[in-house]
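Enquirer: Here it is, the structure, as structure tokens.
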Amino acid sequence: MIHTKSACAALLTLGLLAGCTEDYLDLQPRDAVTTETFYKTETDAIQATNAVYSQLNQSGMFNQALWGIGDIMSDNSNTGGGGAADGIEFQQLDNFTIPTTNPLTTGHWQRAYLAIGQANQVLLRVPDIQMNEALKQRCLGEAAFLRALYYFYLVRGYGDVPLVLTPAQSPGEVANVTRTPAAQVYAQIIKDLTDAIAKLPATDYTGNDVGRANKWSATALLAKVYLTQGDMPNAAIQARAVISGSGKSLWPNFADNFKVENENGRESLFEVQFKSGLNTYSTDGPGFIGNDFWGPRFIYVVPAGGYGFNVPEPDLVRGYENGDTRLDATIIRPGFVYADGTVQPATLVGSPNGYNVKKFFVGKVNTTIWDSPLNVPVLRLAEMYLILAEAVGPNAEGLEAVNKVRRRAFGLPINTPSARDLTAATPNFKDAILQERRNELAFENDRWYDLKRTGKLISTMRAQGKAIQDFNVLLPIPQAEINVNPNLTQNPGY
């Protein structure tokens with residue numbers, strides 16, 4: 001979906017989220033499409049819903065900002081790149097010297113609110129369209145799920161954020177919004193997800209609809225929301241529902257999750273859809289930039305030569321047990337042989353230990369296309385097992401849940417007890433689960449949020465020698481937004 005700029009563009013994202021009675025889609029000449037003329041048909045409803053998805057694969061979300069926040073700001077990885085002058089915006093995150101003008105944290109806010117504005121339009125206007133009722137409910141359920149997803153990333157990152165649930169009627173209205181307490185934002189997220197669960201189909205989609213959210217996408221996200229809030233009983237209920245009701249199953253091999261041919265497959269609950277096709281640099285194209293951005297620098301196993309960003313930390317590598325297949329599926333190490341015969345060296349520019357991310361490595365799509373078609377998972381069945389285990393603790397149910405994930409990691413039958421199993425005697429069970437999450441979900445944009453919710457962010461990063469301050473548990477509110485809305489307060493410390 002191609003989005004036009006509205007007359008409210010000077011208000012940046014909070015202006016865009018209002019819709020200001022302008023168009024979201026280049027479906028007709030710009031002066032011919034408004035909210036009054038567009039939301040009329042079933043096709044309009046579907047296209048408007050599609051637009052809400054489109055911000056997920058942009059630079060402010062899963063194509064750049066979220067791996068900067070989720071992994072580089074954690075103990076999983078460091079900036080890498082070409083040196084002191086390269087990737088300054090990532091270095092600021094890595095070193096916790098984040099200005100209020102950082103383009104990654106600013107872009108994240110803006111893209112999320114643009115999508116929320118689009119979701120608000122769907123939820124307001126689609127109910128009045130005369131169309132197939134089941135399809136109408138699906139569109140409304142998708143919009144509710146996506147609004148919840150965007151707010152989930154915002155509230156975890158920035159804390160109190162403006163909770164805007166309807167399109168504004170004027171630029172002035174948008175420019176005066178204030179921040180909403182995080183507890184209220186979470187309450188709305190839960191409400192949206194509950195609504196989505198009731199409206200969305202319980203089966204996977206086919207054909208051109210593959211990749212849309214269904215009931216189990218919303219249920220899985222709700223489990224994660226409850227986990228983040230520390231509501232373990234409800235987290236267990238929702239994770240258990242996904243495990244028993246979704247029809248999903250673990251891939252036999254962990255690495256199967258990260259193959260183009262397995263996208264939206266047996267373990268997937270929701271993933272961001274990517275499709276390659278650019279032969280020029282762009283962080284907002286249709287494909288995933290991680291293939292080139294994370295590829296080893298200057299050994300030319302990816303189309304643009306490799307940028308070498310998001311380099312795994314040695315501590316992450318050491319955290320995998322001997323025999324854990326997730327290590328080789330997640331991290332390229334010295335001696336790895338690429339398809340063209342190139343051997344990973346012992347050290348590279350930006351990677352003194354010779355490490356790079358393997359999990360999303362595709363290689364050369366062809367000789368000119370530099371972006372990647374590989375989707376990025378947001379919710380997988382394996383995480384539901386880990387949520388269940390964390391939520392119920394080391395009882396029989398919790399141990400069996402985490403051990404299914406571990407057995408798969410060690411190449412063992414997932415339903416057969418093993419010497420690799422955690423047991424009721426495992427010391428520090430919650431820490432053991434957190435380590436399993438790290439090993440399972442590395443580079444899936446989760447680690448910073450996991451360290452935050454478990455109260456381990458500050459101590460973990462200081463142990464790595466990072467000059468993190470207590471206030472760095474929140475991201476700065478973008479200065480560009482404060483400039484146009486003096487009612488937005490800044491997070492302490494920034």
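Letters A, B, ... mark the chains of the structure tokens in the order given; residue numbers begin at 1 per chain; ligand numbers begin at 1, in order shown.
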Considering only C-alpha atoms, return as a VMD selection string whatever protein or nucleic-acid residues lie within 9 Å of range 379-390 of chain A, sequence-local ones (same chain, fewer than 3 positions apart) excluded.
Expert: chain A and resid 217 220 to 221 223 to 224 227 232 235 to 240 242 to 243 248 to 250 257 266 to 271 393 to 395 397 to 405 429 to 430 433 to 434 436 to 437 440 to 441
Enquirer: If you keep C-alpha atoms, can you produce a file of those selected residues as a PDB file, in the first residue's frame?
Expert:
ATOM      1  CA  SER A 217      -2.581 -14.462  16.407  1.00  0.00           C
ATOM      2  CA  ALA A 220      -0.960 -15.415  21.313  1.00  0.00           C
ATOM      3  CA  LEU A 221      -0.408 -11.668  21.553  1.00  0.00           C
ATOM      4  CA  ALA A 223      -0.708 -14.196  26.254  1.00  0.00           C
ATOM      5  CA  LYS A 224       2.391 -12.063  25.720  1.00  0.00           C
ATOM      6  CA  LEU A 227       3.130 -12.040  30.618  1.00  0.00           C
ATOM      7  CA  MET A 232       0.725 -15.166  35.093  1.00  0.00           C
ATOM      8  CA  ALA A 235      -0.868 -15.552  30.482  1.00  0.00           C
ATOM      9  CA  ALA A 236      -1.098 -19.301  31.101  1.00  0.00           C
ATOM     10  CA  ILE A 237      -4.755 -19.439  30.058  1.00  0.00           C
ATOM     11  CA  GLN A 238      -4.084 -17.746  26.730  1.00  0.00           C
ATOM     12  CA  ALA A 239      -0.872 -19.649  25.951  1.00  0.00           C
ATOM     13  CA  ARG A 240      -2.585 -22.911  26.793  1.00  0.00           C
ATOM     14  CA  VAL A 242      -3.085 -21.437  21.565  1.00  0.00           C
ATOM     15  CA  ILE A 243      -1.172 -24.657  22.176  1.00  0.00           C
ATOM     16  CA  LYS A 248       0.051 -25.421  15.169  1.00  0.00           C
ATOM     17  CA  SER A 249       3.076 -27.607  15.837  1.00  0.00           C
ATOM     18  CA  LEU A 250       6.812 -27.134  16.176  1.00  0.00           C
ATOM     19  CA  ASN A 257      11.369 -21.458  10.942  1.00  0.00           C
ATOM     20  CA  ARG A 266       3.221 -24.835  10.833  1.00  0.00           C
ATOM     21  CA  GLU A 267       4.732 -22.939  13.786  1.00  0.00           C
ATOM     22  CA  SER A 268       3.829 -19.409  12.720  1.00  0.00           C
ATOM     23  CA  LEU A 269       1.179 -17.465  14.612  1.00  0.00           C
ATOM     24  CA  PHE A 270       1.918 -14.087  13.058  1.00  0.00           C
ATOM     25  CA  GLU A 271       4.765 -12.705  10.983  1.00  0.00           C
ATOM     26  CA  GLY A 393       6.469 -22.546  36.995  1.00  0.00           C
ATOM     27  CA  PRO A 394       8.279 -25.895  37.377  1.00  0.00           C
ATOM     28  CA  ASN A 395       5.229 -28.102  37.775  1.00  0.00           C
ATOM     29  CA  GLU A 397       2.798 -28.751  32.839  1.00  0.00           C
ATOM     30  CA  GLY A 398       5.468 -26.062  32.894  1.00  0.00           C
ATOM     31  CA  LEU A 399       8.347 -28.505  32.647  1.00  0.00           C
ATOM     32  CA  GLU A 400       6.796 -30.367  29.739  1.00  0.00           C
ATOM     33  CA  ALA A 401       6.170 -27.079  27.925  1.00  0.00           C
ATOM     34  CA  VAL A 402       9.743 -25.798  28.158  1.00  0.00           C
ATOM     35  CA  ASN A 403      11.213 -29.238  27.524  1.00  0.00           C
ATOM     36  CA  LYS A 404       9.392 -29.609  24.213  1.00  0.00           C
ATOM     37  CA  VAL A 405      11.258 -26.523  23.051  1.00  0.00           C
ATOM     38  CA  PHE A 429      13.761 -21.835  37.116  1.00  0.00           C
ATOM     39  CA  LYS A 430      12.635 -18.364  36.022  1.00  0.00           C
ATOM     40  CA  ILE A 433      13.277 -19.837  31.189  1.00  0.00           C
ATOM     41  CA  LEU A 434      14.655 -16.372  30.464  1.00  0.00           C
ATOM     42  CA  GLU A 436      15.641 -20.327  26.933  1.00  0.00           C
ATOM     43  CA  ARG A 437      13.820 -17.279  25.584  1.00  0.00           C
ATOM     44  CA  GLU A 440      15.115 -19.375  21.115  1.00  0.00           C
ATOM     45  CA  LEU A 441      14.167 -15.801  20.207  1.00  0.00           C
TER      46      LEU A 441
END
Enquirer: Would you please give, as a ChimeraX atom specification, all residues of range 64-162 of chain A that DSSP assigns to helix (DSSP H, G or I) based on the backbone?
Expert: /A:65-72,88-94,103-128,133-158
Enquirer: Got a sec: who's within 9 Å of Thr460 in chain A, counting only C-alpha atoms, leaving out chain neighbours fewer than 4 positions off, as a PyMOL selection string?
Expert: chain A and resi 74-75+451+456+464+466
Enquirer: Output N, CA, C and O atoms of each residue in that selection to a file, as a CSV table (one decimal), in the first residue's frame.
Expert:
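again.csv written:
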chain,number,residue,atom,x,y,z
A,74,SER,N,20.2,-4.5,23.9
A,74,SER,CA,20.3,-5.5,24.9
A,74,SER,C,21.7,-6.1,24.9
A,74,SER,O,22.6,-5.6,24.2
A,75,ASP,N,21.8,-7.3,25.6
A,75,ASP,CA,23.1,-8.0,25.6
A,75,ASP,C,23.2,-9.0,24.5
A,75,ASP,O,24.2,-9.7,24.5
A,451,LEU,N,14.4,-8.3,29.3
A,451,LEU,CA,15.2,-7.8,30.4
A,451,LEU,C,14.4,-6.7,31.2
A,451,LEU,O,14.5,-6.6,32.4
A,456,LYS,N,15.8,-6.9,34.9
A,456,LYS,CA,17.2,-7.3,34.8
A,456,LYS,C,18.0,-6.4,33.8
A,456,LYS,O,19.2,-6.6,33.6
A,464,GLN,N,27.9,-5.8,31.3
A,464,GLN,CA,28.5,-5.7,30.0
A,464,GLN,C,29.4,-4.5,29.8
A,464,GLN,O,30.0,-4.4,28.8
A,466,LYS,N,28.2,-1.4,29.9
A,466,LYS,CA,27.5,-0.3,29.3
A,466,LYS,C,27.1,0.8,30.3
A,466,LYS,O,26.8,0.5,31.5
Enquirer: Can you pull out the residues contacting range 111-126 of chain A? Cut-off 9 Å, using only C-alpha atoms, and skip same-chain residues under 3 positions away; I want them as an MDAnalysis selection string.
Expert: chainID A and resid 13:19 24 35 39:42 44:45 48:49 51:56 58:61 106:108 129:130 136 139:144 146:148 150:151 153:154 164:167
Enquirer: Would you save the residues from that selection as a PDB file, in the first residue's frame, using C-alpha atoms?
Expert:
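Contents of result37.pdb, freshly written:
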ATOM      1  CA  THR A  13       2.685  11.417  13.010  1.00  0.00           C
ATOM      2  CA  LEU A  14       0.087  12.611  15.466  1.00  0.00           C
ATOM      3  CA  GLY A  15      -1.325  14.658  12.602  1.00  0.00           C
ATOM      4  CA  LEU A  16      -1.276  11.679  10.311  1.00  0.00           C
ATOM      5  CA  LEU A  17      -3.068   9.450  12.775  1.00  0.00           C
ATOM      6  CA  ALA A  18      -6.092  11.740  12.644  1.00  0.00           C
ATOM      7  CA  GLY A  19      -6.676  11.109   8.989  1.00  0.00           C
ATOM      8  CA  TYR A  24      -4.500   6.771   2.901  1.00  0.00           C
ATOM      9  CA  THR A  35     -12.786   9.551   3.965  1.00  0.00           C
ATOM     10  CA  TYR A  39     -15.255   4.023   2.692  1.00  0.00           C
ATOM     11  CA  LYS A  40     -18.202   2.828   0.600  1.00  0.00           C
ATOM     12  CA  THR A  41     -17.598  -0.690  -0.678  1.00  0.00           C
ATOM     13  CA  GLU A  42     -16.336  -4.082   0.418  1.00  0.00           C
ATOM     14  CA  ASP A  44     -12.648  -0.206   0.190  1.00  0.00           C
ATOM     15  CA  ALA A  45     -12.900  -2.008   3.534  1.00  0.00           C
ATOM     16  CA  ALA A  48      -8.182   0.139   4.176  1.00  0.00           C
ATOM     17  CA  THR A  49      -7.490  -2.873   6.403  1.00  0.00           C
ATOM     18  CA  ALA A  51      -3.072  -0.386   4.820  1.00  0.00           C
ATOM     19  CA  VAL A  52      -2.891  -0.972   8.576  1.00  0.00           C
ATOM     20  CA  TYR A  53      -0.470  -3.847   7.977  1.00  0.00           C
ATOM     21  CA  SER A  54       1.791  -1.824   5.729  1.00  0.00           C
ATOM     22  CA  GLN A  55       3.672   0.034   8.473  1.00  0.00           C
ATOM     23  CA  LEU A  56       4.964  -3.215   9.983  1.00  0.00           C
ATOM     24  CA  GLN A  58       8.886  -0.142   7.301  1.00  0.00           C
ATOM     25  CA  SER A  59      12.088   1.232   8.841  1.00  0.00           C
ATOM     26  CA  GLY A  60      10.324   2.538  11.928  1.00  0.00           C
ATOM     27  CA  MET A  61       9.130  -0.950  12.777  1.00  0.00           C
ATOM     28  CA  THR A 106      11.459   8.847  16.255  1.00  0.00           C
ATOM     29  CA  GLY A 107      10.608   6.678  13.256  1.00  0.00           C
ATOM     30  CA  HIS A 108       9.258   3.940  15.506  1.00  0.00           C
ATOM     31  CA  ILE A 129     -20.320  -0.266   4.849  1.00  0.00           C
ATOM     32  CA  GLN A 130     -22.862  -2.596   3.270  1.00  0.00           C
ATOM     33  CA  LYS A 136     -16.721  -7.079   7.768  1.00  0.00           C
ATOM     34  CA  CYS A 139     -11.663  -6.533   8.803  1.00  0.00           C
ATOM     35  CA  LEU A 140     -12.673  -5.115  12.178  1.00  0.00           C
ATOM     36  CA  GLY A 141     -10.893  -7.927  13.992  1.00  0.00           C
ATOM     37  CA  GLU A 142      -7.709  -7.393  12.013  1.00  0.00           C
ATOM     38  CA  ALA A 143      -7.759  -3.655  12.705  1.00  0.00           C
ATOM     39  CA  ALA A 144      -8.288  -4.274  16.429  1.00  0.00           C
ATOM     40  CA  LEU A 146      -3.065  -4.501  14.710  1.00  0.00           C
ATOM     41  CA  ARG A 147      -3.943  -1.466  16.813  1.00  0.00           C
ATOM     42  CA  ALA A 148      -3.202  -3.562  19.888  1.00  0.00           C
ATOM     43  CA  TYR A 150       1.273  -1.197  17.625  1.00  0.00           C
ATOM     44  CA  TYR A 151       0.248   0.085  21.054  1.00  0.00           C
ATOM     45  CA  TYR A 153       5.316  -1.831  21.162  1.00  0.00           C
ATOM     46  CA  LEU A 154       4.704   1.821  22.011  1.00  0.00           C
ATOM     47  CA  VAL A 164      -6.062   7.808  20.552  1.00  0.00           C
ATOM     48  CA  LEU A 165      -8.960   5.591  19.542  1.00  0.00           C
ATOM     49  CA  THR A 166     -10.883   7.694  17.029  1.00  0.00           C
ATOM     50  CA  PRO A 167      -9.818   9.890  14.110  1.00  0.00           C
TER      51      PRO A 167
END
Enquirer: Excluding Gly211 in chain A and any residue of its chain fewer than 6 positions from it, enumerate the residues within 9 Å of it, using only C-alpha atoms, and give them as a list of chain:residue names.
Expert: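 So the residues in contact are A:Asp204, A:Tyr205, A:Glu263, A:Asn264, A:Phe270, A:Glu271, A:Val272, A:Gln273.
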Enquirer: Residues of the last selection are to be written out with N, CA and C atoms, as a compact mmCIF listing (two decimals), in the first residue's frame.
Expert:
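Saved file again02.txt follows:
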# COMPACT_ATOMS: atom_id res chain seq x y z
N ASP A 204 -6.22 -20.89 9.40
CA ASP A 204 -5.25 -20.17 8.59
C ASP A 204 -5.88 -19.73 7.28
N TYR A 205 -5.31 -18.70 6.72
CA TYR A 205 -5.80 -18.18 5.45
C TYR A 205 -5.13 -18.90 4.28
N GLU A 263 7.58 -19.92 5.16
CA GLU A 263 6.91 -18.75 5.70
C GLU A 263 5.43 -19.03 5.98
N ASN A 264 4.94 -18.42 7.06
CA ASN A 264 3.54 -18.59 7.48
C ASN A 264 3.20 -20.07 7.65
N PHE A 270 2.01 -15.35 13.79
CA PHE A 270 1.92 -14.09 13.06
C PHE A 270 3.32 -13.67 12.67
N GLU A 271 3.47 -13.20 11.44
CA GLU A 271 4.76 -12.71 10.98
C GLU A 271 4.58 -11.54 10.02
N VAL A 272 5.60 -10.71 9.95
CA VAL A 272 5.58 -9.56 9.05
C VAL A 272 5.96 -10.04 7.66
N GLN A 273 5.15 -9.69 6.69
CA GLN A 273 5.33 -10.18 5.33
C GLN A 273 6.32 -9.32 4.55
